[in-house]
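query.txt (compact mmCIF, C-alpha atoms and all ligand atoms) appears below.
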# COMPACT_ATOMS: atom_id res chain seq x y z
CA MET Y 338 0.00 0.00 0.00
CA ILE Y 339 1.30 3.46 -0.86
CA THR Y 340 2.01 5.63 2.19
CA VAL Y 341 2.44 9.42 2.23
CA SER Y 342 3.88 11.21 5.24
CA ALA Y 343 2.08 14.29 6.52
CA PHE Y 344 2.00 16.38 9.69
CA ARG Y 345 -0.63 15.52 12.30
CA TRP Y 346 -0.88 19.20 13.22
CA VAL Y 347 0.04 22.49 11.54
CA PRO Y 348 -1.16 26.04 12.31
CA ASP Y 349 -4.40 27.11 10.65
CA PHE Y 350 -2.73 29.23 7.93
CA ALA Y 351 -0.85 26.17 6.65
CA ARG Y 352 -3.83 23.81 6.49
CA GLY Y 353 -4.60 23.05 2.87
CA GLN Y 354 -1.10 24.20 1.87
CA VAL Y 355 1.18 21.46 3.23
CA ARG Y 356 3.04 19.82 0.38
CA ASP Y 357 1.72 16.30 0.91
CA LEU Y 358 -1.31 17.81 -0.87
CA ARG Y 359 0.61 17.63 -4.17
CA VAL Y 360 1.24 13.92 -3.75
CA ARG Y 361 -2.30 13.21 -2.57
CA TRP Y 362 -3.59 15.08 -5.64
CA ALA Y 363 -1.31 13.16 -8.01
CA LEU Y 364 -2.42 9.87 -6.44
CA GLU Y 365 -6.06 10.88 -6.81
CA GLU Y 366 -5.51 11.79 -10.49
CA ALA Y 367 -3.82 8.42 -10.96
CA GLY Y 368 -6.60 6.56 -9.12
CA LEU Y 369 -4.09 4.99 -6.72
CA PRO Y 370 -5.21 4.36 -3.14
CA TYR Y 371 -2.90 5.45 -0.32
CA ARG Y 372 -2.76 5.87 3.41
CA THR Y 373 -1.07 8.60 5.42
CA ARG Y 374 1.68 8.32 7.97
CA LEU Y 375 0.97 11.21 10.30
CA LEU Y 376 3.99 12.67 12.05
CA GLU Y 377 3.87 13.87 15.65
CA GLN Y 378 5.95 16.85 16.67
CA GLY Y 379 9.62 15.77 16.57
CA ASP Y 380 9.09 12.62 14.47
CA GLN Y 381 10.69 14.36 11.50
CA ASP Y 382 13.95 14.68 13.43
CA LYS Y 383 14.20 11.00 14.26
CA GLU Y 384 17.01 9.08 12.64
CA GLU Y 385 14.63 6.67 10.92
CA TYR Y 386 12.74 9.55 9.23
CA ARG Y 387 15.89 11.50 8.33
CA ALA Y 388 17.24 8.39 6.63
CA LEU Y 389 14.35 8.73 4.18
CA GLN Y 390 14.07 12.55 4.10
CA PRO Y 391 17.42 14.20 4.89
CA PHE Y 392 15.80 17.57 5.66
CA GLY Y 393 13.07 16.21 7.92
CA GLN Y 394 10.30 17.51 5.68
CA VAL Y 395 7.00 16.11 4.46
CA PRO Y 396 6.04 14.41 2.30
CA ILE Y 397 7.78 11.09 1.87
CA PHE Y 398 6.26 8.63 -0.57
CA GLU Y 399 6.66 4.96 0.35
CA ASP Y 400 5.57 1.96 -1.67
CA ASP Y 401 6.55 -1.60 -0.94
CA GLY Y 402 10.00 -0.78 0.46
CA PHE Y 403 10.68 1.98 -2.07
CA ALA Y 404 10.90 5.50 -0.65
CA LEU Y 405 11.12 8.89 -2.36
CA PHE Y 406 11.21 12.48 -1.16
CA GLU Y 407 10.75 15.83 -3.01
CA THR Y 408 7.28 16.42 -4.36
CA GLY Y 409 8.61 17.04 -7.88
CA ALA Y 410 10.33 13.65 -7.94
CA ILE Y 411 7.30 11.90 -6.45
CA VAL Y 412 4.83 13.44 -8.90
CA LEU Y 413 7.12 12.57 -11.83
CA HIS Y 414 7.45 9.03 -10.51
CA LEU Y 415 3.66 8.73 -10.37
CA GLY Y 416 3.55 10.17 -13.88
CA GLU Y 417 5.50 7.11 -15.01
CA ARG Y 418 2.59 5.01 -13.83
CA THR Y 419 -0.25 6.95 -15.40
CA GLU Y 420 -0.97 8.93 -18.49
CA ALA Y 421 -3.32 11.06 -16.38
CA LEU Y 422 -0.23 13.02 -15.24
CA LEU Y 423 2.31 12.64 -18.04
CA PRO Y 424 1.30 12.19 -21.69
CA ARG Y 425 2.81 9.20 -23.50
CA ASP Y 426 3.81 11.35 -26.47
CA GLU Y 427 7.53 12.06 -26.00
CA LYS Y 428 7.41 15.78 -26.75
CA ALA Y 429 4.23 16.48 -24.82
CA ARG Y 430 5.75 14.57 -21.91
CA ALA Y 431 8.94 16.65 -22.02
CA ARG Y 432 6.87 19.83 -22.02
CA ALA Y 433 4.86 18.63 -19.00
CA VAL Y 434 8.14 17.97 -17.14
CA GLN Y 435 9.36 21.40 -18.24
CA TRP Y 436 6.33 23.07 -16.62
CA LEU Y 437 6.68 21.05 -13.46
CA ILE Y 438 10.31 22.15 -13.14
CA ALA Y 439 9.39 25.74 -14.03
CA ALA Y 440 6.85 25.69 -11.19
CA LEU Y 441 9.42 24.47 -8.66
CA ASN Y 442 12.49 26.25 -9.94
CA SER Y 443 11.39 29.49 -11.60
CA VAL Y 444 8.12 30.38 -9.89
CA GLU Y 445 8.01 28.86 -6.39
CA PRO Y 446 11.22 30.44 -4.97
CA SER Y 447 10.05 34.04 -5.37
CA ILE Y 448 6.52 33.20 -4.18
CA LEU Y 449 7.90 31.44 -1.13
CA ASN Y 450 10.22 34.34 -0.45
CA LEU Y 451 7.28 36.75 -0.42
CA ALA Y 452 5.08 34.41 1.62
CA LEU Y 453 7.81 34.08 4.25
CA ILE Y 454 8.11 37.87 4.45
CA ASP Y 455 4.33 38.28 4.76
CA ILE Y 456 3.55 35.40 7.09
CA PHE Y 457 6.57 35.08 9.37
CA TYR Y 458 8.49 38.35 9.26
CA ALA Y 459 5.89 41.03 8.47
CA LYS Y 460 6.76 43.07 11.57
CA GLU Y 461 10.52 43.11 10.99
CA GLU Y 462 11.99 46.34 9.68
CA TRP Y 463 14.04 44.50 7.04
CA ALA Y 464 10.88 42.76 5.80
CA LYS Y 465 9.07 46.07 5.33
CA LEU Y 466 12.00 47.33 3.25
CA ARG Y 467 12.34 44.11 1.25
CA ARG Y 468 8.63 43.56 0.53
CA PRO Y 469 8.12 45.95 -2.45
CA GLY Y 470 11.04 44.43 -4.38
CA ALA Y 471 9.98 40.89 -3.51
CA THR Y 472 6.42 41.67 -4.65
CA GLU Y 473 7.60 43.17 -7.91
CA PHE Y 474 9.70 40.08 -8.61
CA VAL Y 475 6.68 37.82 -8.06
CA GLN Y 476 4.55 40.03 -10.30
CA ARG Y 477 7.13 39.74 -13.09
CA ARG Y 478 7.10 35.96 -12.83
CA LEU Y 479 3.28 35.86 -12.75
CA GLY Y 480 3.17 38.17 -15.76
CA GLY Y 481 5.45 35.85 -17.74
CA LEU Y 482 3.40 32.84 -16.73
CA SER Y 483 0.11 34.52 -17.63
CA LYS Y 484 1.44 35.47 -21.05
CA ALA Y 485 2.68 31.93 -21.69
CA LEU Y 486 -0.69 30.51 -20.67
CA GLY Y 487 -2.47 32.89 -23.03
CA GLY Y 488 -5.95 31.69 -23.93
CA LYS Y 489 -5.19 28.00 -23.32
CA PRO Y 490 -7.01 26.12 -20.58
CA TYR Y 491 -3.78 24.48 -19.36
CA LEU Y 492 -0.09 25.30 -19.73
CA ASP Y 493 0.46 22.92 -22.61
CA GLY Y 494 -2.91 23.31 -24.26
CA ASP Y 495 -6.11 21.39 -23.74
CA ARG Y 496 -4.97 18.74 -21.33
CA PHE Y 497 -4.06 18.86 -17.67
CA THR Y 498 -0.63 17.46 -16.78
CA ALA Y 499 1.73 17.12 -13.83
CA GLY Y 500 3.03 20.57 -14.83
CA ASP Y 501 -0.38 22.11 -14.09
CA LEU Y 502 -0.68 20.17 -10.86
CA MET Y 503 2.60 21.60 -9.63
CA MET Y 504 2.08 25.12 -10.99
CA SER Y 505 -1.36 25.46 -9.44
CA THR Y 506 -0.18 24.27 -6.02
CA VAL Y 507 2.59 26.86 -6.22
CA LEU Y 508 0.17 29.65 -7.23
CA ARG Y 509 -2.15 28.67 -4.36
CA ILE Y 510 0.54 29.71 -1.89
CA LEU Y 511 -0.46 33.29 -2.80
CA ASN Y 512 -4.14 32.80 -1.98
CA TYR Y 513 -3.67 34.94 1.14
CA SER Y 514 -3.06 37.90 -1.23
CA ASP Y 515 -4.58 39.38 -4.39
CA LEU Y 516 -1.52 38.72 -6.55
CA VAL Y 517 -2.95 35.83 -8.56
CA LYS Y 518 -6.56 36.95 -8.22
CA SER Y 519 -5.77 40.29 -9.86
CA ASP Y 520 -4.76 38.51 -13.09
CA ALA Y 521 -8.09 37.25 -14.48
CA ARG Y 522 -6.41 34.72 -16.77
CA LEU Y 523 -4.20 33.19 -14.09
CA TRP Y 524 -7.02 33.17 -11.56
CA ALA Y 525 -9.32 31.37 -14.00
CA TYR Y 526 -6.49 28.88 -14.64
CA LEU Y 527 -6.02 28.27 -10.92
CA GLU Y 528 -9.76 27.82 -10.43
CA ARG Y 529 -9.88 25.43 -13.39
CA CYS Y 530 -7.11 23.27 -11.94
CA THR Y 531 -8.46 23.25 -8.40
CA ALA Y 532 -12.02 22.52 -9.56
CA ARG Y 533 -10.83 19.05 -10.55
CA PRO Y 534 -12.51 16.34 -8.47
CA ALA Y 535 -9.10 14.79 -7.71
CA PHE Y 536 -7.89 18.07 -6.20
CA LYS Y 537 -11.01 18.38 -4.08
CA ARG Y 538 -10.58 14.83 -2.77
CA ALA Y 539 -6.92 15.49 -1.95
CA LEU Y 540 -7.70 18.74 -0.15
CA ASP Y 541 -10.56 17.17 1.79
CA ALA Y 542 -8.28 14.31 2.80
CA GLN Y 543 -5.57 16.66 4.09
CA LEU Y 544 -8.05 18.81 6.01
CA GLY Y 545 -9.80 15.66 7.24
CA ASP Y 546 -6.57 14.31 8.73
CA PHE Y 547 -6.11 17.57 10.67
CA ARG Y 548 -9.71 17.42 11.86
CA ASP Y 549 -9.42 13.78 12.93
CA ALA Y 550 -6.22 14.50 14.85
CA ALA Y 551 -7.73 17.47 16.73
N1 LIG P 601 11.17 20.79 -1.76
C1 LIG P 601 10.41 19.99 -0.82
C2 LIG P 601 9.82 20.93 0.22
C3 LIG P 601 9.07 20.17 1.29
C4 LIG P 601 8.60 21.13 2.37
O1 LIG P 601 8.98 22.32 2.40
N2 LIG P 601 7.80 20.61 3.28
C5 LIG P 601 7.38 21.42 4.39
C6 LIG P 601 5.87 21.29 4.58
S1 LIG P 601 5.02 22.06 3.26
C7 LIG P 601 8.03 20.91 5.66
O2 LIG P 601 8.12 19.73 5.88
N3 LIG P 601 8.50 21.86 6.46
C8 LIG P 601 9.14 21.57 7.71
C9 LIG P 601 10.60 21.82 7.64
O3 LIG P 601 11.11 22.24 6.60
O4 LIG P 601 11.25 21.56 8.66
C10 LIG P 601 9.32 19.21 -1.56
O5 LIG P 601 8.77 19.75 -2.53
O6 LIG P 601 9.03 18.07 -1.18
Would you give me this structure, written as structure tokens?
Amino acid sequence: MITVSAFRWVPDFARGQVRDLRVRWALEEAGLPYRTRLLEQGDQDKEEYRALQPFGQVPIFEDDGFALFETGAIVLHLGERTEALLPRDEKARARAVQWLIAALNSVEPSILNLALIDIFYAKEEWAKLRRPGATEFVQRRLGGLSKALGGKPYLDGDRFTAGDLMMSTVLRILNYSDLVKSDARLWAYLERCTARPAFKRALDAQLGDFRDAA
């Protein structure tokens, strides 16, 4: 049985954002059942967990003695098992991988930088000074993404891929702000991705685990 690690408790602002959501969503798209391994405070620092995830983060994907960390790697691995995430056509597949890496490598870092400023350091003097530049950088990235999306429903055209799964989870980090919402095209894209039944099931499952643990 596939197992995904997740935190038993996180503060309210992080609920629905923890990265095991990406793996749950990919598993739902693939139609693969899974169970969660819920970590108590401190479990992520235990030697046994660090052996599987050197940074003590969630999620870890485990399947029959095989373990993988990094959501990008896990989603790509699941894409090997199902066309629902990665098209069989070689070029379309490469483009889906390209968008997944763009999400993690070209878009997420600046979004995360801004979210950290806003959520954890908002009261610090340095954060107040840094925020306008950090916001502008995010806006430039979002502008480029919006232009590339153009009038297409998904990043590579008509079909949803692992690239959209990753990009939309990255864009969702900004849901506490108006940055995505203020771009009608990107907002419609995000709504389109997150309206997928598989996303809804994944989100419900993550929120349900927090509720059950309370
Ligand atoms: N690049 C990693 C990031 C994983 C990550 O940041 N996980 C967060 C939860 S969303 C975490 O475990 N944070 C606790 C920590 O870093 O100690 C991935 O995509 O899997």
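For the residues Y:Ala539, Y:Leu451, Y:Ile456, Y:Val360, ranking by smallest atom-to-atom distance to ligand LIG 601 (chain P) using only C-alpha atoms and all ligand atoms places Y:Val360 first.
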### Query
How far is it from atom CA of Y:Tyr491 to atom CA of Y:Glu427, in Å with one decimal?
18.1 Å
### Task
Residues within 8 Å of ligand LIG 601 (chain P) should be enumerated using all atoms listed in the file and returned as number ranges by chain.
Y: 344, 351, 354-357, 381, 392-397, 406-409, 441
### Query
Of the residues Y:Phe474, Y:Phe398, Y:Trp362, Y:Trp436, which is the one nearest to Y:Ala343, using all atoms listed in the file?
Y:Phe398
### Message
Neighbouring residues of Y:Ala550 were defined as those with any atom within 12 Å, considering all atoms listed in the file; residues of the same chain fewer than 6 positions away were excluded. Please report them as JSON, numbers by chain.
### Response
{"Y": [343, 344, 345, 346, 347, 375, 376, 377, 543, 544]}
### Task
Mind checking which residues fall within 6 Å of stretch 366-372 of chain Y, counting all atoms listed in the file, ignoring those fewer than 5 positions away in the same chain, and posting them as a ChimeraX atom specification?
/Y:339-340,419,535
#### Entry: Close residues, Y:Glu420 itself excluded, 10 Å, all atoms listed in the file, min 3 positions apart in chain, as an MDAnalysis selection string
chainID Y and resid 366:367 415:417 423:426 430 498:499
### Task
Identify which of the residues Y:Leu492, Y:Val507, Y:Leu479, Y:Ala471 lies closest to Y:Asp520, counting only C-alpha atoms when measuring atom-to-atom distances.
Y:Leu479
### Message
From the options Y:Arg418, Y:Lys484, Y:Arg509, Y:Arg432, which residue's atoms come nearest to Y:Leu449, counting all atoms listed in the file?
### Response
Y:Arg509
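Taking atom CA of Y:Asp549 and atom CA of Y:Leu511 as the two end points, the separation is 26.6 Å.
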With N, CA and C atoms retained, output stretch 340-358 of chain Y as a PDB file, in the first residue's frame.
ATOM      1  N   THR Y 340       2.137   4.811   0.982  1.00  0.00           N
ATOM      2  CA  THR Y 340       2.010   5.633   2.190  1.00  0.00           C
ATOM      3  C   THR Y 340       2.629   7.003   1.913  1.00  0.00           C
ATOM      4  N   VAL Y 341       1.955   8.049   2.390  1.00  0.00           N
ATOM      5  CA  VAL Y 341       2.443   9.422   2.230  1.00  0.00           C
ATOM      6  C   VAL Y 341       2.584  10.010   3.624  1.00  0.00           C
ATOM      7  N   SER Y 342       3.740  10.602   3.918  1.00  0.00           N
ATOM      8  CA  SER Y 342       3.879  11.213   5.243  1.00  0.00           C
ATOM      9  C   SER Y 342       3.280  12.615   5.236  1.00  0.00           C
ATOM     10  N   ALA Y 343       2.722  12.976   6.378  1.00  0.00           N
ATOM     11  CA  ALA Y 343       2.077  14.290   6.518  1.00  0.00           C
ATOM     12  C   ALA Y 343       2.150  14.669   7.993  1.00  0.00           C
ATOM     13  N   PHE Y 344       1.992  15.956   8.283  1.00  0.00           N
ATOM     14  CA  PHE Y 344       2.001  16.375   9.689  1.00  0.00           C
ATOM     15  C   PHE Y 344       0.632  16.135  10.309  1.00  0.00           C
ATOM     16  N   ARG Y 345       0.644  15.700  11.576  1.00  0.00           N
ATOM     17  CA  ARG Y 345      -0.625  15.518  12.298  1.00  0.00           C
ATOM     18  C   ARG Y 345      -1.245  16.871  12.639  1.00  0.00           C
ATOM     19  N   TRP Y 346      -0.380  17.864  12.852  1.00  0.00           N
ATOM     20  CA  TRP Y 346      -0.881  19.195  13.224  1.00  0.00           C
ATOM     21  C   TRP Y 346      -0.024  20.247  12.519  1.00  0.00           C
ATOM     22  N   VAL Y 347      -0.653  21.270  11.981  1.00  0.00           N
ATOM     23  CA  VAL Y 347       0.041  22.491  11.536  1.00  0.00           C
ATOM     24  C   VAL Y 347      -0.859  23.672  11.912  1.00  0.00           C
ATOM     25  N   PRO Y 348      -0.302  24.892  12.007  1.00  0.00           N
ATOM     26  CA  PRO Y 348      -1.162  26.037  12.312  1.00  0.00           C
ATOM     27  C   PRO Y 348      -2.209  26.244  11.212  1.00  0.00           C
ATOM     28  N   ASP Y 349      -3.278  26.937  11.576  1.00  0.00           N
ATOM     29  CA  ASP Y 349      -4.405  27.114  10.649  1.00  0.00           C
ATOM     30  C   ASP Y 349      -3.988  27.627   9.268  1.00  0.00           C
ATOM     31  N   PHE Y 350      -3.070  28.622   9.225  1.00  0.00           N
ATOM     32  CA  PHE Y 350      -2.732  29.233   7.933  1.00  0.00           C
ATOM     33  C   PHE Y 350      -2.107  28.222   6.963  1.00  0.00           C
ATOM     34  N   ALA Y 351      -1.527  27.143   7.515  1.00  0.00           N
ATOM     35  CA  ALA Y 351      -0.845  26.167   6.651  1.00  0.00           C
ATOM     36  C   ALA Y 351      -1.764  25.026   6.207  1.00  0.00           C
ATOM     37  N   ARG Y 352      -2.924  24.925   6.841  1.00  0.00           N
ATOM     38  CA  ARG Y 352      -3.832  23.815   6.488  1.00  0.00           C
ATOM     39  C   ARG Y 352      -4.345  23.987   5.056  1.00  0.00           C
ATOM     40  N   GLY Y 353      -4.220  22.955   4.274  1.00  0.00           N
ATOM     41  CA  GLY Y 353      -4.598  23.051   2.865  1.00  0.00           C
ATOM     42  C   GLY Y 353      -3.424  23.488   1.989  1.00  0.00           C
ATOM     43  N   GLN Y 354      -2.271  23.759   2.627  1.00  0.00           N
ATOM     44  CA  GLN Y 354      -1.099  24.195   1.866  1.00  0.00           C
ATOM     45  C   GLN Y 354       0.081  23.232   2.019  1.00  0.00           C
ATOM     46  N   VAL Y 355       0.021  22.321   2.974  1.00  0.00           N
ATOM     47  CA  VAL Y 355       1.182  21.464   3.232  1.00  0.00           C
ATOM     48  C   VAL Y 355       1.424  20.587   1.999  1.00  0.00           C
ATOM     49  N   ARG Y 356       2.702  20.385   1.691  1.00  0.00           N
ATOM     50  CA  ARG Y 356       3.038  19.825   0.380  1.00  0.00           C
ATOM     51  C   ARG Y 356       2.644  18.364   0.154  1.00  0.00           C
ATOM     52  N   ASP Y 357       2.251  17.653   1.191  1.00  0.00           N
ATOM     53  CA  ASP Y 357       1.722  16.305   0.907  1.00  0.00           C
ATOM     54  C   ASP Y 357       0.486  16.402   0.022  1.00  0.00           C
ATOM     55  N   LEU Y 358      -0.138  17.603  -0.010  1.00  0.00           N
ATOM     56  CA  LEU Y 358      -1.308  17.814  -0.875  1.00  0.00           C
ATOM     57  C   LEU Y 358      -0.982  17.493  -2.342  1.00  0.00           C
TER      58      LEU Y 358
END
